[in-house]
$ cat input14.tsv   # TSV, N, CA and C atoms
chain	number	residue	atom	x	y	z
A	29	MET	N	57.90	196.30	61.54
A	29	MET	CA	57.38	196.55	60.20
A	29	MET	C	57.99	195.58	59.18
A	30	LYS	N	59.30	195.32	59.33
A	30	LYS	CA	59.97	194.42	58.42
A	30	LYS	C	59.40	193.01	58.54
A	31	ARG	N	59.12	192.58	59.77
A	31	ARG	CA	58.56	191.25	60.00
A	31	ARG	C	57.18	191.12	59.35
A	32	LEU	N	56.37	192.14	59.41
A	32	LEU	CA	55.03	192.15	58.80
A	32	LEU	C	55.15	192.04	57.28
A	33	ALA	N	56.10	192.73	56.69
A	33	ALA	CA	56.31	192.67	55.24
A	33	ALA	C	56.73	191.26	54.81
A	34	ILE	N	57.56	190.61	55.61
A	34	ILE	CA	57.99	189.25	55.29
A	34	ILE	C	56.81	188.29	55.39
A	35	VAL	N	56.00	188.42	56.41
A	35	VAL	CA	54.82	187.56	56.58
A	35	VAL	C	53.86	187.75	55.41
A	36	VAL	N	53.60	188.97	55.02
A	36	VAL	CA	52.70	189.25	53.89
A	36	VAL	C	53.28	188.67	52.60
A	37	ALA	N	54.57	188.81	52.40
A	37	ALA	CA	55.21	188.27	51.19
A	37	ALA	C	55.10	186.75	51.16
A	38	VAL	N	55.31	186.09	52.29
A	38	VAL	CA	55.20	184.63	52.36
A	38	VAL	C	53.76	184.19	52.07
A	39	ILE	N	52.79	184.89	52.61
A	39	ILE	CA	51.38	184.57	52.37
A	39	ILE	C	51.04	184.73	50.88
A	40	VAL	N	51.49	185.80	50.27
A	40	VAL	CA	51.22	186.04	48.85
A	40	VAL	C	51.85	184.94	48.00
A	41	VAL	N	53.09	184.58	48.28
A	41	VAL	CA	53.77	183.52	47.53
A	41	VAL	C	53.03	182.19	47.72
A	42	ALA	N	52.59	181.89	48.94
A	42	ALA	CA	51.88	180.64	49.21
A	42	ALA	C	50.55	180.59	48.44
A	43	VAL	N	49.82	181.69	48.42
A	43	VAL	CA	48.54	181.73	47.71
A	43	VAL	C	48.75	181.54	46.21
A	44	VAL	N	49.73	182.21	45.65
A	44	VAL	CA	50.03	182.07	44.22
A	44	VAL	C	50.48	180.64	43.91
A	45	ALA	N	51.33	180.05	44.73
A	45	ALA	CA	51.82	178.69	44.51
A	45	ALA	C	50.68	177.68	44.60
A	46	ILE	N	49.80	177.84	45.57
A	46	ILE	CA	48.66	176.93	45.71
A	46	ILE	C	47.73	177.06	44.51
A	47	GLY	N	47.50	178.27	44.04
A	47	GLY	CA	46.66	178.48	42.86
A	47	GLY	C	47.25	177.84	41.62
A	48	GLU	N	48.55	177.98	41.42
A	48	GLU	CA	49.21	177.36	40.26
A	48	GLU	C	49.16	175.84	40.35
A	49	LEU	N	49.41	175.30	41.53
A	49	LEU	CA	49.38	173.85	41.72
A	49	LEU	C	47.98	173.30	41.46
A	50	SER	N	46.97	173.99	41.91
A	50	SER	CA	45.59	173.51	41.67
A	50	SER	C	45.26	173.55	40.19
A	51	ASP	N	45.74	174.56	39.45
A	51	ASP	CA	45.50	174.60	38.00
A	51	ASP	C	46.19	173.45	37.29
A	52	LEU	N	47.38	173.07	37.74
A	52	LEU	CA	48.13	172.01	37.08
A	52	LEU	C	47.56	170.62	37.36
A	53	THR	N	46.92	170.44	38.50
A	53	THR	CA	46.44	169.11	38.88
A	53	THR	C	44.94	168.92	38.69
A	54	GLN	N	44.25	169.93	38.26
A	54	GLN	CA	42.81	169.83	38.09
A	54	GLN	C	42.45	169.15	36.78
A	55	SER	N	41.43	168.35	36.81
A	55	SER	CA	40.94	167.72	35.60
A	55	SER	C	39.76	168.53	35.07
A	56	ARG	N	39.89	168.97	33.86
A	56	ARG	CA	38.84	169.80	33.27
A	56	ARG	C	38.31	169.11	32.01
A	57	PRO	N	37.06	169.37	31.68
A	57	PRO	CA	36.56	168.81	30.42
A	57	PRO	C	37.26	169.46	29.23
A	58	ASP	N	37.56	168.65	28.24
A	58	ASP	CA	38.19	169.15	27.03
A	58	ASP	C	37.12	169.53	26.02
A	59	PRO	N	37.43	170.43	25.10
A	59	PRO	CA	36.47	170.73	24.04
A	59	PRO	C	36.26	169.49	23.17
A	60	VAL	N	35.03	169.29	22.72
A	60	VAL	CA	34.70	168.14	21.88
A	60	VAL	C	35.06	168.47	20.44
A	61	ARG	N	35.83	167.57	19.80
A	61	ARG	CA	36.25	167.76	18.41
A	61	ARG	C	35.72	166.58	17.60
A	62	GLU	N	34.46	166.66	17.21
A	62	GLU	CA	33.79	165.56	16.50
A	62	GLU	C	34.43	165.22	15.17
A	63	ASP	N	35.09	166.18	14.54
A	63	ASP	CA	35.67	165.94	13.22
A	63	ASP	C	37.10	165.43	13.28
A	64	SER	N	37.54	164.98	14.46
A	64	SER	CA	38.91	164.50	14.63
A	64	SER	C	38.93	163.16	15.35
A	65	VAL	N	40.03	162.43	15.13
A	65	VAL	CA	40.24	161.12	15.73
A	65	VAL	C	41.59	161.12	16.43
A	66	THR	N	41.67	160.46	17.59
A	66	THR	CA	42.94	160.25	18.26
A	66	THR	C	43.31	158.79	18.12
A	67	GLU	N	44.53	158.54	17.67
A	67	GLU	CA	45.03	157.18	17.51
A	67	GLU	C	46.18	156.95	18.48
A	68	LEU	N	46.08	155.87	19.25
A	68	LEU	CA	47.14	155.50	20.18
A	68	LEU	C	47.73	154.17	19.76
A	69	VAL	N	49.05	154.05	19.82
A	69	VAL	CA	49.73	152.77	19.62
A	69	VAL	C	50.41	152.46	20.95
A	70	VAL	N	50.11	151.25	21.46
A	70	VAL	CA	50.54	150.85	22.79
A	70	VAL	C	51.29	149.52	22.71
A	71	ALA	N	52.39	149.42	23.42
A	71	ALA	CA	53.08	148.14	23.58
A	71	ALA	C	52.67	147.59	24.94
A	72	VAL	N	52.10	146.40	24.95
A	72	VAL	CA	51.63	145.78	26.18
A	72	VAL	C	52.55	144.62	26.52
A	73	ASN	N	53.14	144.68	27.71
A	73	ASN	CA	54.04	143.63	28.17
A	73	ASN	C	53.40	142.96	29.37
A	74	GLU	N	53.06	141.71	29.22
A	74	GLU	CA	52.47	140.98	30.33
A	74	GLU	C	53.52	140.02	30.89
A	75	ASP	N	53.52	139.91	32.20
A	75	ASP	CA	54.47	139.03	32.87
A	75	ASP	C	53.67	138.01	33.68
A	76	ARG	N	53.52	136.83	33.11
A	76	ARG	CA	52.78	135.75	33.77
A	76	ARG	C	51.31	136.09	33.98
A	77	PHE	N	50.69	136.82	33.05
A	77	PHE	CA	49.25	137.06	33.10
A	77	PHE	C	48.61	135.83	32.47
A	78	GLY	N	47.91	135.06	33.22
A	78	GLY	CA	47.40	133.75	32.83
A	78	GLY	C	46.85	133.61	31.43
A	79	PRO	N	45.84	134.36	31.04
A	79	PRO	CA	45.20	134.16	29.73
A	79	PRO	C	46.06	134.57	28.53
A	80	GLY	N	47.16	135.26	28.71
A	80	GLY	CA	48.04	135.61	27.59
A	80	GLY	C	48.03	137.08	27.24
A	81	GLN	N	48.83	137.41	26.22
A	81	GLN	CA	49.08	138.79	25.82
A	81	GLN	C	47.81	139.52	25.36
A	82	ASP	N	47.04	138.93	24.44
A	82	ASP	CA	45.85	139.60	23.93
A	82	ASP	C	44.83	139.84	25.04
A	83	ALA	N	44.67	138.86	25.93
A	83	ALA	CA	43.74	139.01	27.05
A	83	ALA	C	44.22	140.10	28.00
A	84	ALA	N	45.54	140.18	28.21
A	84	ALA	CA	46.10	141.23	29.07
A	84	ALA	C	45.83	142.60	28.48
A	85	ALA	N	46.04	142.73	27.17
A	85	ALA	CA	45.79	144.01	26.49
A	85	ALA	C	44.31	144.38	26.57
A	86	ASP	N	43.43	143.41	26.33
A	86	ASP	CA	41.98	143.67	26.39
A	86	ASP	C	41.55	144.06	27.80
A	87	ALA	N	42.09	143.39	28.81
A	87	ALA	CA	41.74	143.71	30.19
A	87	ALA	C	42.19	145.12	30.56
A	88	LEU	N	43.40	145.46	30.16
A	88	LEU	CA	43.91	146.81	30.44
A	88	LEU	C	43.06	147.86	29.75
A	89	TRP	N	42.72	147.62	28.48
A	89	TRP	CA	41.91	148.57	27.75
A	89	TRP	C	40.52	148.71	28.37
A	90	ALA	N	39.94	147.62	28.81
A	90	ALA	CA	38.61	147.66	29.42
A	90	ALA	C	38.60	148.57	30.64
A	91	VAL	N	39.65	148.51	31.43
A	91	VAL	CA	39.73	149.36	32.63
A	91	VAL	C	39.93	150.83	32.23
A	92	CYS	N	40.87	151.08	31.32
A	92	CYS	CA	41.23	152.45	30.97
A	92	CYS	C	40.20	153.12	30.05
A	93	ALA	N	39.51	152.37	29.23
A	93	ALA	CA	38.51	152.95	28.33
A	93	ALA	C	37.39	153.60	29.12
A	94	ALA	N	37.14	153.12	30.31
A	94	ALA	CA	36.08	153.70	31.14
A	94	ALA	C	36.42	155.12	31.58
A	95	LYS	N	37.67	155.51	31.45
A	95	LYS	CA	38.10	156.85	31.87
A	95	LYS	C	37.96	157.89	30.78
A	96	THR	N	37.44	157.53	29.63
A	96	THR	CA	37.28	158.48	28.54
A	96	THR	C	35.86	158.40	27.99
A	97	SER	N	35.38	159.52	27.50
A	97	SER	CA	34.03	159.53	26.92
A	97	SER	C	34.08	159.27	25.41
A	98	ALA	N	35.29	159.22	24.84
A	98	ALA	CA	35.42	158.96	23.41
A	98	ALA	C	35.10	157.50	23.12
A	99	LYS	N	34.61	157.24	21.94
A	99	LYS	CA	34.25	155.88	21.53
A	99	LYS	C	35.25	155.37	20.51
A	100	VAL	N	35.42	154.05	20.49
A	100	VAL	CA	36.33	153.43	19.55
A	100	VAL	C	35.74	153.53	18.15
A	101	VAL	N	36.58	153.93	17.19
A	101	VAL	CA	36.16	154.07	15.79
A	101	VAL	C	36.00	152.68	15.17
A	102	ASP	N	35.20	152.57	14.14
A	102	ASP	CA	35.00	151.35	13.37
A	102	ASP	C	34.21	150.29	14.14
A	103	GLY	N	33.52	150.66	15.19
A	103	GLY	CA	32.70	149.71	15.92
A	103	GLY	C	33.49	148.67	16.68
A	104	ASN	N	34.80	148.77	16.66
A	104	ASN	CA	35.66	147.84	17.37
A	104	ASN	C	35.53	148.12	18.86
A	105	SER	N	35.54	147.09	19.68
A	105	SER	CA	35.34	147.30	21.11
A	105	SER	C	36.64	147.40	21.90
A	106	GLY	N	37.76	147.15	21.26
A	106	GLY	CA	39.00	147.18	22.01
A	106	GLY	C	40.20	147.50	21.16
A	107	LEU	N	41.33	147.07	21.64
A	107	LEU	CA	42.58	147.31	20.94
A	107	LEU	C	42.71	146.38	19.74
A	108	GLU	N	43.26	146.89	18.68
A	108	GLU	CA	43.51	146.12	17.46
A	108	GLU	C	44.97	145.66	17.48
A	109	SER	N	45.20	144.37	17.36
A	109	SER	CA	46.55	143.84	17.40
A	109	SER	C	47.31	144.22	16.14
A	110	LEU	N	48.53	144.73	16.32
A	110	LEU	CA	49.41	145.06	15.20
A	110	LEU	C	50.51	144.03	15.06
A	111	GLY	N	50.46	143.00	15.87
A	111	GLY	CA	51.50	141.98	15.86
A	111	GLY	C	52.51	142.23	16.96
A	112	GLY	N	53.09	141.17	17.43
A	112	GLY	CA	54.05	141.29	18.53
A	112	GLY	C	53.33	141.76	19.77
A	113	ASP	N	53.89	142.76	20.41
A	113	ASP	CA	53.27	143.29	21.63
A	113	ASP	C	52.55	144.62	21.39
A	114	ARG	N	52.36	145.00	20.13
A	114	ARG	CA	51.78	146.31	19.81
A	114	ARG	C	50.30	146.22	19.47
A	115	TYR	N	49.57	147.24	19.95
A	115	TYR	CA	48.14	147.34	19.72
A	115	TYR	C	47.80	148.78	19.37
A	116	ARG	N	46.70	148.95	18.61
A	116	ARG	CA	46.27	150.29	18.20
A	116	ARG	C	44.80	150.45	18.54
A	117	VAL	N	44.45	151.68	18.89
A	117	VAL	CA	43.05	152.03	19.10
A	117	VAL	C	42.84	153.43	18.54
A	118	ARG	N	41.71	153.64	17.88
A	118	ARG	CA	41.34	154.96	17.35
A	118	ARG	C	40.06	155.40	18.04
A	119	LEU	N	40.09	156.62	18.58
A	119	LEU	CA	38.98	157.14	19.36
A	119	LEU	C	38.38	158.38	18.71
A	120	ARG	N	37.05	158.45	18.76
A	120	ARG	CA	36.34	159.61	18.25
A	120	ARG	C	35.22	159.95	19.19
A	121	PRO	N	35.04	161.20	19.58
A	121	PRO	CA	35.80	162.38	19.17
A	121	PRO	C	37.22	162.32	19.71
A	122	ALA	N	38.08	163.10	19.09
A	122	ALA	CA	39.49	163.13	19.50
A	122	ALA	C	39.61	163.54	20.96
A	123	LEU	N	40.62	163.00	21.60
A	123	LEU	CA	40.89	163.37	22.99
A	123	LEU	C	41.53	164.75	23.04
A	124	GLY	N	41.17	165.50	24.04
A	124	GLY	CA	41.83	166.77	24.30
A	124	GLY	C	43.06	166.52	25.17
A	125	ARG	N	43.71	167.57	25.57
A	125	ARG	CA	44.94	167.47	26.36
A	125	ARG	C	44.71	166.72	27.67
A	126	HIS	N	43.68	167.09	28.41
A	126	HIS	CA	43.43	166.47	29.70
A	126	HIS	C	43.00	165.00	29.54
A	127	GLY	N	42.15	164.73	28.58
A	127	GLY	CA	41.72	163.36	28.33
A	127	GLY	C	42.87	162.47	27.92
A	128	GLU	N	43.76	163.00	27.10
A	128	GLU	CA	44.93	162.24	26.65
A	128	GLU	C	45.84	161.93	27.83
A	129	LEU	N	46.11	162.92	28.67
A	129	LEU	CA	46.96	162.68	29.83
A	129	LEU	C	46.37	161.63	30.76
A	130	LYS	N	45.07	161.70	30.97
A	130	LYS	CA	44.40	160.76	31.85
A	130	LYS	C	44.46	159.33	31.28
A	131	LEU	N	44.20	159.19	29.99
A	131	LEU	CA	44.22	157.86	29.36
A	131	LEU	C	45.63	157.29	29.31
A	132	VAL	N	46.60	158.08	28.90
A	132	VAL	CA	47.98	157.61	28.85
A	132	VAL	C	48.46	157.23	30.25
A	133	GLY	N	48.11	158.03	31.24
A	133	GLY	CA	48.49	157.71	32.62
A	133	GLY	C	47.91	156.39	33.07
A	134	CYS	N	46.65	156.14	32.74
A	134	CYS	CA	46.02	154.87	33.10
A	134	CYS	C	46.72	153.70	32.41
A	135	LEU	N	47.00	153.84	31.12
A	135	LEU	CA	47.62	152.76	30.37
A	135	LEU	C	49.04	152.47	30.86
A	136	GLU	N	49.78	153.49	31.25
A	136	GLU	CA	51.18	153.30	31.63
A	136	GLU	C	51.39	153.01	33.11
A	137	ASP	N	50.36	153.20	33.93
A	137	ASP	CA	50.46	152.83	35.34
A	137	ASP	C	50.28	151.33	35.47
A	138	LEU	N	50.62	150.79	36.60
A	138	LEU	CA	50.41	149.37	36.84
A	138	LEU	C	48.95	149.20	37.27
A	139	THR	N	48.04	149.38	36.30
A	139	THR	CA	46.60	149.34	36.56
A	139	THR	C	46.15	147.92	36.87
A	140	ILE	N	46.69	146.94	36.17
A	140	ILE	CA	46.37	145.54	36.38
A	140	ILE	C	47.68	144.84	36.74
A	141	ASP	N	47.64	144.00	37.77
A	141	ASP	CA	48.84	143.29	38.20
A	141	ASP	C	49.48	142.55	37.04
A	142	ARG	N	50.79	142.70	36.93
A	142	ARG	CA	51.63	142.00	35.95
A	142	ARG	C	51.40	142.43	34.51
A	143	VAL	N	50.72	143.54	34.30
A	143	VAL	CA	50.50	144.04	32.94
A	143	VAL	C	51.02	145.47	32.87
A	144	LEU	N	52.02	145.69	32.05
A	144	LEU	CA	52.58	147.02	31.85
A	144	LEU	C	52.40	147.42	30.39
A	145	ALA	N	52.09	148.67	30.18
A	145	ALA	CA	51.95	149.18	28.82
A	145	ALA	C	52.83	150.40	28.66
A	146	ASP	N	53.26	150.60	27.44
A	146	ASP	CA	54.06	151.77	27.09
A	146	ASP	C	53.41	152.39	25.86
A	147	VAL	N	52.90	153.60	26.00
A	147	VAL	CA	52.25	154.28	24.88
A	147	VAL	C	53.36	154.74	23.94
A	148	LYS	N	53.40	154.16	22.75
A	148	LYS	CA	54.44	154.45	21.77
A	148	LYS	C	54.16	155.71	20.98
A	149	SER	N	52.88	155.95	20.67
A	149	SER	CA	52.55	157.17	19.93
A	149	SER	C	51.10	157.56	20.18
A	150	VAL	N	50.88	158.85	20.12
A	150	VAL	CA	49.53	159.42	20.18
A	150	VAL	C	49.48	160.47	19.10
A	151	ARG	N	48.51	160.33	18.21
A	151	ARG	CA	48.37	161.37	17.18
A	151	ARG	C	46.88	161.64	16.97
A	152	THR	N	46.60	162.88	16.69
A	152	THR	CA	45.23	163.31	16.43
A	152	THR	C	45.18	163.86	15.03
A	153	TYR	N	44.17	163.44	14.29
A	153	TYR	CA	44.03	163.92	12.92
A	153	TYR	C	42.56	164.15	12.61
A	154	GLU	N	42.34	165.03	11.63
A	154	GLU	CA	40.98	165.33	11.21
A	154	GLU	C	40.48	164.28	10.25
A	155	ILE	N	39.18	164.05	10.31
A	155	ILE	CA	38.54	163.12	9.39
A	155	ILE	C	38.17	163.89	8.14
A	156	ALA	N	38.47	163.30	7.00
A	156	ALA	CA	38.11	163.95	5.74
A	156	ALA	C	36.59	163.98	5.61
A	157	ARG	N	36.07	165.14	5.36
A	157	ARG	CA	34.62	165.29	5.19
A	157	ARG	C	34.27	165.10	3.73
A	158	PRO	N	33.16	164.42	3.46
A	158	PRO	CA	32.75	164.29	2.05
A	158	PRO	C	32.37	165.67	1.49
A	159	ASN	N	32.65	165.84	0.21
A	159	ASN	CA	32.31	167.12	-0.43
A	159	ASN	C	30.81	167.31	-0.44
A	160	ALA	N	30.39	168.51	-0.16
A	160	ALA	CA	28.96	168.82	-0.18
A	160	ALA	C	28.47	168.85	-1.61
A	161	VAL	N	27.32	168.30	-1.85
A	161	VAL	CA	26.73	168.30	-3.17
A	161	VAL	C	25.82	169.52	-3.28
A	162	SER	N	26.05	170.30	-4.32
A	162	SER	CA	25.22	171.51	-4.46
A	162	SER	C	23.91	171.14	-5.17
A	163	ALA	N	22.87	171.83	-4.79
A	163	ALA	CA	21.54	171.60	-5.37
A	163	ALA	C	21.33	172.60	-6.48
A	164	ASP	N	21.69	172.22	-7.71
A	164	ASP	CA	21.52	173.13	-8.85
A	164	ASP	C	20.28	172.78	-9.62

$ encode --input "input14.tsv" --output "structure tokens"
Amino acid sequence: MKRLAIVVAVIVVAVVAIGELSDLTQSRPDPVREDSVTELVVAVNEDRFGPGQDAAADALWAVCAAKTSAKVVDGNSGLESLGGDRYRVRLRPALGRHGELKLVGCLEDLTIDRVLADVKSVRTYEIARPNAVSAD
């Protein structure tokens, strides 16, 4: 009887652990927040990437941008240079938790040979809405 109780307890713990692990590793769609923008600042360090720093940043962004459904704000197609090794991109609609993790992971992994990025900041903010004009 004691052996049966131990086996049942191990099975219950295994089922709960597998369920928790699947929840933590699953990619789910995030809620769409049209009235918000996510801004990322990224430091891109290229090591012997032939075309140079800006080309390395653009290449990295081209690969990682495909992993998000958000669009770049201001009609810009890529990262905006802030000088030095820093670049900024603003995305709308704002990224949710899962989208942010996926994008940051792509940018910080060695996605392109000899190009490393470090996401310095991620912030999400609401867009100011114009005041409604009343029809009097």

$ residues_around --input "input14.tsv" --residues "segment 119-129 of chain A" --least-positions-apart "5" --cutoff "5 Å" --atoms "only N, CA and C atoms" --output "VMD selection string"
chain A and resid 61 to 62 64 to 67 98 to 101

$ atom_distance --input "input14.tsv" --atom1 "atom CA of Leu135 of chain A" --atom2 "atom CA of Ser50 of chain A"
23.7 Å

$ residues_around --input "input14.tsv" --residues "Lys148 of chain A" --least-positions-apart "4" --cutoff "5 Å" --atoms "only N, CA and C atoms" --output "MDAnalysis selection string"
chainID A and resid 69:71

$ atom_distance --input "input14.tsv" --atom1 "atom CA of Gly112 of chain A" --atom2 "atom C of Glu74 of chain A"
12.4 Å

$ atom_distance --input "input14.tsv" --atom1 "atom N of Thr139 of chain A" --atom2 "atom N of Ala87 of chain A"
11.3 Å

$ closest_residue --input "input14.tsv" --among "A:Leu107, A:Asp137, A:Leu68, A:Val117" --to "Ala83 of chain A" --atoms "only C-alpha atoms"
A:Leu107

$ closest_residue --input "input14.tsv" --among "A:Val35, A:Val43, A:Met29, A:Val72" --to "Ala145 of chain A" --atoms "only N, CA and C atoms"
A:Val72

$ select_by_dssp --input "input14.tsv" --residues "segment 94-149 of chain A" --states "strand (DSSP E or B)" --output "list in words"
Lys99, Val100, Glu108, Ser109, Leu110, Gly111, Arg114, Tyr115, Arg116, Val117, Arg118, Leu119, Arg120, Ala122, Ile140, Val143, Leu144, Ala145, Asp146, Val147, Lys148 and Ser149 of chain A

$ select_by_dssp --input "input14.tsv" --residues "chain A" --states "alpha helix (DSSP H)" --output "MDAnalysis selection string"
chainID A and resid 30:53 81:93 125:136

$ decode --input "input14.tsv" --residues "segment 78-97 of chain A" --atoms "N, CA and C atoms" --output "JSON list (two decimals), in the first residue's frame"
[["chain", "number", "residue", "atom", "x", "y", "z"],
["A", 78, "GLY", "N", 31.51, 42.65, -42.28],
["A", 78, "GLY", "CA", 32.03, 43.37, -43.43],
["A", 78, "GLY", "C", 31.45, 44.74, -43.70],
["A", 79, "PRO", "N", 30.14, 44.88, -43.91],
["A", 79, "PRO", "CA", 29.57, 46.17, -44.30],
["A", 79, "PRO", "C", 29.58, 47.24, -43.20],
["A", 80, "GLY", "N", 29.86, 46.91, -41.96],
["A", 80, "GLY", "CA", 29.95, 47.91, -40.90],
["A", 80, "GLY", "C", 28.82, 47.84, -39.90],
["A", 81, "GLN", "N", 28.89, 48.75, -38.92],
["A", 81, "GLN", "CA", 27.97, 48.76, -37.78],
["A", 81, "GLN", "C", 26.51, 48.97, -38.18],
["A", 82, "ASP", "N", 26.21, 49.99, -38.99],
["A", 82, "ASP", "CA", 24.83, 50.26, -39.36],
["A", 82, "ASP", "C", 24.23, 49.10, -40.15],
["A", 83, "ALA", "N", 25.02, 48.52, -41.04],
["A", 83, "ALA", "CA", 24.55, 47.38, -41.82],
["A", 83, "ALA", "C", 24.30, 46.17, -40.92],
["A", 84, "ALA", "N", 25.17, 45.98, -39.91],
["A", 84, "ALA", "CA", 24.99, 44.88, -38.97],
["A", 84, "ALA", "C", 23.70, 45.06, -38.18],
["A", 85, "ALA", "N", 23.45, 46.30, -37.73],
["A", 85, "ALA", "CA", 22.22, 46.58, -36.98],
["A", 85, "ALA", "C", 20.99, 46.36, -37.86],
["A", 86, "ASP", "N", 21.04, 46.84, -39.11],
["A", 86, "ASP", "CA", 19.91, 46.67, -40.03],
["A", 86, "ASP", "C", 19.66, 45.20, -40.34],
["A", 87, "ALA", "N", 20.72, 44.43, -40.52],
["A", 87, "ALA", "CA", 20.57, 43.00, -40.81],
["A", 87, "ALA", "C", 19.95, 42.27, -39.62],
["A", 88, "LEU", "N", 20.42, 42.59, -38.43],
["A", 88, "LEU", "CA", 19.86, 41.97, -37.23],
["A", 88, "LEU", "C", 18.39, 42.32, -37.07],
["A", 89, "TRP", "N", 18.06, 43.59, -37.27],
["A", 89, "TRP", "CA", 16.67, 44.01, -37.14],
["A", 89, "TRP", "C", 15.79, 43.34, -38.19],
["A", 90, "ALA", "N", 16.28, 43.20, -39.41],
["A", 90, "ALA", "CA", 15.50, 42.57, -40.47],
["A", 90, "ALA", "C", 15.11, 41.14, -40.09],
["A", 91, "VAL", "N", 16.03, 40.43, -39.48],
["A", 91, "VAL", "CA", 15.74, 39.05, -39.07],
["A", 91, "VAL", "C", 14.75, 39.03, -37.91],
["A", 92, "CYS", "N", 14.99, 39.86, -36.90],
["A", 92, "CYS", "CA", 14.17, 39.82, -35.68],
["A", 92, "CYS", "C", 12.80, 40.49, -35.87],
["A", 93, "ALA", "N", 12.70, 41.47, -36.74],
["A", 93, "ALA", "CA", 11.42, 42.15, -36.96],
["A", 93, "ALA", "C", 10.38, 41.19, -37.51],
["A", 94, "ALA", "N", 10.83, 40.17, -38.20],
["A", 94, "ALA", "CA", 9.90, 39.18, -38.75],
["A", 94, "ALA", "C", 9.21, 38.37, -37.66],
["A", 95, "LYS", "N", 9.73, 38.43, -36.45],
["A", 95, "LYS", "CA", 9.16, 37.66, -35.33],
["A", 95, "LYS", "C", 8.07, 38.42, -34.59],
["A", 96, "THR", "N", 7.74, 39.61, -35.02],
["A", 96, "THR", "CA", 6.70, 40.39, -34.35],
["A", 96, "THR", "C", 5.70, 40.90, -35.37],
["A", 97, "SER", "N", 4.47, 41.05, -34.93],
["A", 97, "SER", "CA", 3.43, 41.57, -35.83],
["A", 97, "SER", "C", 3.31, 43.09, -35.71]]
